[in-house]
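Chemist: Take a look at the following structure, please.
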Amino acid sequence: MTTSEARQAPRDGLTWTDPGRVERYRSRVFAERDRLRTAFADPAGHQRRVLEDLLAFNAGTAYGRAHGFARVRTLDDWRAAVPVQDYSGLAPWIERAAAGEENVLTADRPAVFFTSSGSTGAHKKIPVTPRFMRTTFFPFYYAAWAPLIEHFPDVLTRPDAVLNLKHDPIAAPPTTASGRPHVGASQVDFGARFGEPLSAEPGTAAPWATLPVEVDAGAHLDKMYLRLRLAVESDVRCVIGINPAMVAALPHQLNIWWERIVREVRDGTLGGQPHCPPNPGRARELERLAERFGRIRPAHVWPRMRALFCWTTGVASLYLPRLREEFGPGVTVLPAPVAASEGPTGVALDRHPSAGSLVVTASVYEFADADRDLTPDVPTLRPHELEVGRDYHTVFSHVGGLYRYAVGDVVRVVDREGGVPRLEYTGRSTLSDAAGERLRDAQVLRALTTALAAGGLELRNVACRVTPAPHGLPAYQFALASAIPWSGAETDAFLTRLDRALALESAGYRHARTHLRLGAPTALPLPPDAFLDDWHATVASGVRPTQVKDRLFRQDPAQWQRLTDGNGS
């Protein structure tokens with residue numbers, strides 16, 4: 001199926017050229033941030049009101065009747081009435097709603113089902129209701145843009161000042177059995193679907209945001225190429241990616257597509273089709289960049305680049321410092337919200353490099369010690385009970401039908417600001433446990449950071465798996481891509497430090513190593529672009545770029561084989 005995205009431009013996005021629209025947007029963004037900051041004066045009160053609202057609104061639903069919503073008065077009642085659950089626990093109820101049954105999880109019908117890749121690779125169906133969007137989603141969504149437009153106002157001065165990599169309109173979206181769109185959040189026109197006239201993000205009215213040529217809806221690399229081809233003729237000041245792997249791919253894409261891009265700029269074509277007047281002057285400028293620098297960087301193409309907007313933690317924390325330099329020495333990286341398709345947790349209201357304030361007005365939040373298994377009756381803590389420097393599973397409940405929902409993310413409490421905890425995403429809650437070590441993303445990433453810093457080493461990306469060691473013991477093998485090759489001595493010293501750091505992070509790892517149940521870690525050096533090539537291969541297979549994220553644990557043999565190109569198998 002092919003679609004012309006030009007016919008699907010968001011209605012509100014088209015008004016970015018209206019100066020009044022920019023001022024209205026700025027006012028809304030800053031007002032939502034101010035309201036959230038004001039709420040921090042009484043976080044417990046707002047949490048209580050969120051619970052009261054979701055109970056009153058959804059008490060008459062099938063789920064509400066089955067779990068006695070009408071009898072719940074306090075958080076302790078709520079804990080007793082509803083188990084902690086992940087998507088699989090709510091899936092039967094969600095499928096009923098997706099099939100068209102009304103009043104299942106929510107009193108209002110889902111207008112859309114967001115898609116999200118679960119740990120099995122299957123696509124979830126996240127119900128999205130008008131009430132959820134109004135009370136949970138839009139307030140945090142607007143507030144999230146405040147640091148960007150406050151400190152970099154020029155990103156709103158022209159529609160083509162922002163390259164929004166995640167914006168991906170689709171003309172004929174897939175649907176559920178009831179006919180509701182089943183799409184990613186970045187594919188929904190919030191203005192048309194939810195009557196929110198200011199909701200179009202920066203960059204959604206750029207010339208490349210809605211492509212003027214026919215493109216297969218699943219040809220994601222083709223769409224990325226076409227947008228990049230158009231963007232090189234504009235003065236881009238900001239790149240929005242949310243998923244940092246998409247931002248990391250951009251310099252790589254410039255280089256692998258460079259000759260084609262320059263040729264099309266010179267000829268005035270787009271995807272081989274006539275598009276605009278030839279631009280030999282710009283083509284010559286681009287050719288001179290290649291002649292002068294060899295390897296092209298975004299900073300060469302867009303010398304007035306000012307900001308990147310994406311997640312800054314997790315695996316990305318290892319490569320973002322160097323990646324930022326690709327876009328320019330003075331470029332600022334602003335953190336995207338700590339959020340998932342299912343709902344928000346934290347949003348940065350200032351220029352903190354990694355953490356966001358808990359969105360106390362959005363959901364009822366509970367947290368469980370990250371080292372505990374997420375059982376239905378796992379003990380949970382309220383926001384004011386969290387300790388700075390500790391890792392926690394995130395559990396939230398909101399009016400959109402997700403109740404005591406374990407989203408699968410682990411967050412770390414960085415500090416407290418304005419009466420609420422500030423949280424940073426540290427990784428998925430998935431455990432790697434071959435010999436009782438029970439390693440989490442966050443523990444391995446902290447150990448990697450320690451071991452790298454001690455040797456002055458850097459990585460472009462990393463993944464690991466458990467593999468049999470020479471003496472029959474399982475052991476962790478780390479696939480390491482670095483820009484500058486490491487010597488044998490550096491690699492050996494790194495592995496020794498990594499082993500020691502993992503033992504400090506995880507008592508289970510330390511016990512398994514001490515009792516000879518787990519072998520020492522090993523290294524598998526990969527070419528500098530190995531992870532970027534793997535990312536491209538995954539996108540080429542039909543997976544949307546927003547869903548191809550950095551994954552530390554890669555136990556699937558086929559995925560490991562593709563990443564390593566058969567080396568170390």
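As shown in the structure tokens, the chain order sets the letters A, B, ...; within each chain, residues go from 1, and ligands are also counted from 1 in the order they appear.
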Residues near A:Thr175, anyone? I mean within 12 Å using only C-alpha atoms, not counting same-chain ones fewer than 2 positions away, as a list in words.
Modeler: Ala98, Ala99, Gly100, Ala111, Val112, Phe113, Phe114, Thr115, Lys125, Ala172, Pro173, Ala177, Ser178, Gly179, Arg180, Pro181, His182, Val183 and Gly184 of chain A
Chemist: So that each row is one residue of stretch 147-241 of chain A with an atom at most 12 Å from stretch 137-143 of chain A, can you give its shortest atom pair and the distance in Å to one decimal, using only C-alpha atoms, rows by chain and rising number, as a tab-separated table?
Modeler:
residue	atom	partner	partner_atom	distance
A:Pro147	CA	A:Ala143	CA	8.5
A:Leu148	CA	A:Ala143	CA	10.1
A:Ile149	CA	A:Ala143	CA	10.4
A:Glu150	CA	A:Ala143	CA	11.1
A:Ala185	CA	A:Phe137	CA	11.1
A:Phe190	CA	A:Phe138	CA	9.6
A:Gly191	CA	A:Phe138	CA	11.4
A:Phe194	CA	A:Phe138	CA	10.3
A:Gly195	CA	A:Phe138	CA	11.5
A:Glu196	CA	A:Phe138	CA	8.8
A:Pro197	CA	A:Phe138	CA	11.6
A:Leu198	CA	A:Tyr142	CA	9.3
A:Ser199	CA	A:Tyr142	CA	7.7
A:Ala200	CA	A:Tyr142	CA	10.0
A:Glu201	CA	A:Tyr142	CA	9.0
A:Pro202	CA	A:Tyr142	CA	11.2
Chemist: In Å, with one decimal, what is the gap from atom CA of A:Ala493 to atom CA of A:Ala447?
Modeler: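 Interatomic distance, atom CA of A:Ala493 to atom CA of A:Ala447: 13.7 Å.
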Chemist: Using only C-alpha atoms, which protein or nucleic acid residues come within 6 Å of A:Gly346? Drop anything in the same chain fewer than 6 positions from it, and give the result as a compact mmCIF listing (two decimals) with N, CA and C atoms, in the first residue's frame.
Modeler:
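Written output follows (part.txt):
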# COMPACT_ATOMS: atom_id res chain seq x y z
N PRO A 337 10.72 13.19 28.02
CA PRO A 337 10.06 12.73 29.26
C PRO A 337 10.35 11.27 29.58
N VAL A 338 10.30 10.97 30.86
CA VAL A 338 10.32 9.58 31.32
C VAL A 338 8.88 9.09 31.14
N GLY A 356 13.38 13.89 35.24
CA GLY A 356 12.12 14.60 35.15
C GLY A 356 11.35 14.53 36.45
N SER A 357 10.60 15.57 36.74
CA SER A 357 9.78 15.62 37.96
C SER A 357 8.57 14.71 37.80
N LEU A 358 8.20 14.04 38.89
CA LEU A 358 7.05 13.15 38.87
C LEU A 358 5.79 13.95 38.51
N VAL A 359 5.02 13.44 37.55
CA VAL A 359 3.82 14.14 37.07
C VAL A 359 2.66 13.77 37.99
Chemist: Would you kindly return, as JSON, numbers by chain, each protein, DNA or RNA residue with an atom no farther than 10 Å from any atom of A:Asn461, considering only C-alpha atoms and excluding same-chain residues fewer than 4 positions away?
Modeler: {"A": [245, 315, 316, 317, 318, 319, 320, 479, 480, 481, 482, 483, 526, 528, 529, 530, 531, 532, 550, 551, 552]}
Chemist: Please, could you write that set of residues out with C-alpha atoms as a tab-separated table (two decimals), in the first residue's frame?
Modeler:
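The result, written out as result04.tsv:
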chain	number	residue	atom	x	y	z
A	245	ALA	CA	18.95	5.50	18.51
A	315	VAL	CA	22.59	2.80	26.90
A	316	ALA	CA	22.46	6.24	25.28
A	317	SER	CA	24.30	7.72	28.27
A	318	LEU	CA	27.42	5.92	27.01
A	319	TYR	CA	27.39	7.39	23.49
A	320	LEU	CA	25.53	10.71	23.71
A	479	ALA	CA	29.78	-6.89	22.10
A	480	LEU	CA	31.66	-3.58	22.08
A	481	ALA	CA	31.71	-1.01	19.28
A	482	SER	CA	34.22	1.79	19.77
A	483	ALA	CA	35.27	4.60	17.46
A	526	LEU	CA	32.82	-5.00	16.68
A	528	PRO	CA	32.42	1.13	14.85
A	529	ASP	CA	29.18	1.11	12.81
A	530	ALA	CA	28.02	-2.40	13.74
A	531	PHE	CA	25.11	-1.24	15.89
A	532	LEU	CA	24.06	1.37	13.32
A	550	ASP	CA	18.93	0.30	22.25
A	551	ARG	CA	18.80	-3.10	23.93
A	552	LEU	CA	21.52	-4.14	26.33
Chemist: DSSP on the backbone: which residues in stretch 61-133 of chain A end up as alpha helix (DSSP H)? Give the answer as an MDAnalysis selection string.
Modeler: chainID A and resid 62:66 75:81 87:98 130:132
Chemist: Show me, as a short mmCIF file (atom, residue, chain, number, x, y, z; two decimals) with N, CA, C and O atoms, in the first residue's frame, the residues that have an atom within 7 Å of A:Trp311 when counting only C-alpha atoms, minus same-chain residues fewer than 4 positions from it.
Modeler:
data_model
loop_
_atom_site.label_atom_id
_atom_site.label_comp_id
_atom_site.auth_asym_id
_atom_site.auth_seq_id
_atom_site.Cartn_x
_atom_site.Cartn_y
_atom_site.Cartn_z
N ILE A 242 13.32 11.70 20.46
CA ILE A 242 12.83 10.92 21.60
C ILE A 242 13.70 9.68 21.77
O ILE A 242 14.47 9.57 22.71
N ASN A 243 13.57 8.72 20.85
CA ASN A 243 14.43 7.54 20.86
C ASN A 243 15.83 7.95 20.39
O ASN A 243 16.02 8.31 19.23
N PRO A 244 16.84 7.89 21.27
CA PRO A 244 18.17 8.37 20.88
C PRO A 244 18.82 7.55 19.78
O PRO A 244 19.72 8.05 19.08
N PRO A 335 16.55 16.30 27.79
CA PRO A 335 15.96 14.97 27.97
C PRO A 335 14.48 14.93 27.65
O PRO A 335 13.71 15.78 28.10
N ALA A 336 14.08 13.96 26.86
CA ALA A 336 12.66 13.70 26.63
C ALA A 336 12.04 13.15 27.90
O ALA A 336 12.74 12.68 28.80
#
Chemist: For A:Glu326, work out the shell of residues within 10 Å, counting only C-alpha atoms and skipping chain neighbours fewer than 3 positions away, then give it as a list of chain:residue names.
Modeler: A:Ala248, A:Leu250, A:Pro251, A:Ile296, A:Arg297, A:Pro298, A:Ala299, A:His300, A:Leu320, A:Pro321, A:Arg322, A:Leu323, A:Pro329, A:Val331
Chemist: Excluding A:Arg497 and its own-chain neighbours fewer than 6 positions away, which residues fall within 9 Å of it when counting only C-alpha atoms? Please give them as a PDB file with all heavy atoms, in the first residue's frame.
Modeler:
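Resulting contents of part_4.pdb:
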ATOM      1  N   ALA A 447      27.974  -0.354  35.909  1.00  0.00           N
ATOM      2  CA  ALA A 447      29.267  -1.050  35.924  1.00  0.00           C
ATOM      3  C   ALA A 447      30.079  -0.704  34.673  1.00  0.00           C
ATOM      4  O   ALA A 447      31.296  -0.484  34.748  1.00  0.00           O
ATOM      5  CB  ALA A 447      29.047  -2.562  36.025  1.00  0.00           C
ATOM      6  N   LEU A 448      29.414  -0.657  33.530  1.00  0.00           N
ATOM      7  CA  LEU A 448      30.105  -0.276  32.300  1.00  0.00           C
ATOM      8  C   LEU A 448      30.666   1.141  32.405  1.00  0.00           C
ATOM      9  O   LEU A 448      31.814   1.398  32.022  1.00  0.00           O
ATOM     10  CB  LEU A 448      29.145  -0.360  31.114  1.00  0.00           C
ATOM     11  CG  LEU A 448      28.840  -1.759  30.565  1.00  0.00           C
ATOM     12  CD1 LEU A 448      27.607  -1.708  29.671  1.00  0.00           C
ATOM     13  CD2 LEU A 448      30.031  -2.306  29.791  1.00  0.00           C
ATOM     14  N   THR A 450      31.536   2.803  35.053  1.00  0.00           N
ATOM     15  CA  THR A 450      32.673   2.800  35.980  1.00  0.00           C
ATOM     16  C   THR A 450      33.919   2.239  35.312  1.00  0.00           C
ATOM     17  O   THR A 450      35.012   2.818  35.402  1.00  0.00           O
ATOM     18  CB  THR A 450      32.331   1.979  37.235  1.00  0.00           C
ATOM     19  OG1 THR A 450      31.226   2.585  37.909  1.00  0.00           O
ATOM     20  CG2 THR A 450      33.518   1.896  38.183  1.00  0.00           C
ATOM     21  N   ALA A 451      33.763   1.100  34.635  1.00  0.00           N
ATOM     22  CA  ALA A 451      34.910   0.443  34.016  1.00  0.00           C
ATOM     23  C   ALA A 451      35.474   1.265  32.860  1.00  0.00           C
ATOM     24  O   ALA A 451      36.702   1.330  32.669  1.00  0.00           O
ATOM     25  CB  ALA A 451      34.507  -0.949  33.530  1.00  0.00           C
ATOM     26  N   LEU A 452      34.616   1.895  32.100  1.00  0.00           N
ATOM     27  CA  LEU A 452      35.085   2.734  30.990  1.00  0.00           C
ATOM     28  C   LEU A 452      35.840   3.951  31.509  1.00  0.00           C
ATOM     29  O   LEU A 452      36.927   4.289  31.017  1.00  0.00           O
ATOM     30  CB  LEU A 452      33.897   3.185  30.138  1.00  0.00           C
ATOM     31  CG  LEU A 452      33.217   2.103  29.282  1.00  0.00           C
ATOM     32  CD1 LEU A 452      31.869   2.604  28.766  1.00  0.00           C
ATOM     33  CD2 LEU A 452      34.102   1.688  28.113  1.00  0.00           C
ATOM     34  N   ALA A 454      37.407   4.417  34.286  1.00  0.00           N
ATOM     35  CA  ALA A 454      38.674   4.097  34.945  1.00  0.00           C
ATOM     36  C   ALA A 454      39.811   3.927  33.944  1.00  0.00           C
ATOM     37  O   ALA A 454      40.987   4.116  34.288  1.00  0.00           O
ATOM     38  CB  ALA A 454      38.518   2.837  35.784  1.00  0.00           C
ATOM     39  N   GLY A 455      39.467   3.572  32.706  1.00  0.00           N
ATOM     40  CA  GLY A 455      40.497   3.397  31.687  1.00  0.00           C
ATOM     41  C   GLY A 455      40.504   4.475  30.627  1.00  0.00           C
ATOM     42  O   GLY A 455      41.266   4.375  29.652  1.00  0.00           O
TER      43      GLY A 455
END
Chemist: In stretch 36-194 of chain A, what's strand (DSSP E) per DSSP? Answer as a ChimeraX atom specification?
Modeler: /A:112-117,123-128,162-164,182-183
Chemist: Kindly indicate which residue among A:Pro153, A:Phe309, A:Val188, A:Val444 lies nearest to A:Tyr25, using only C-alpha atoms for the distances.
Modeler: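 Nearest to A:Tyr25: A:Pro153.
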Chemist: Could you produce a table of the residues of stretch 380-441 of chain A lying within 7 Å of stretch 505-510 of chain A, with the nearest pair of atoms per residue and their separation in Å rounded to one decimal, using only C-alpha atoms, ordered by chain and increasing residue number, as a tab-separated table?
Modeler:
residue	atom	partner	partner_atom	distance
A:Gly436	CA	A:Gly508	CA	5.7
A:Glu437	CA	A:Gly508	CA	3.9
A:Arg438	CA	A:Gly508	CA	6.0
A:Leu439	CA	A:Ser506	CA	6.8
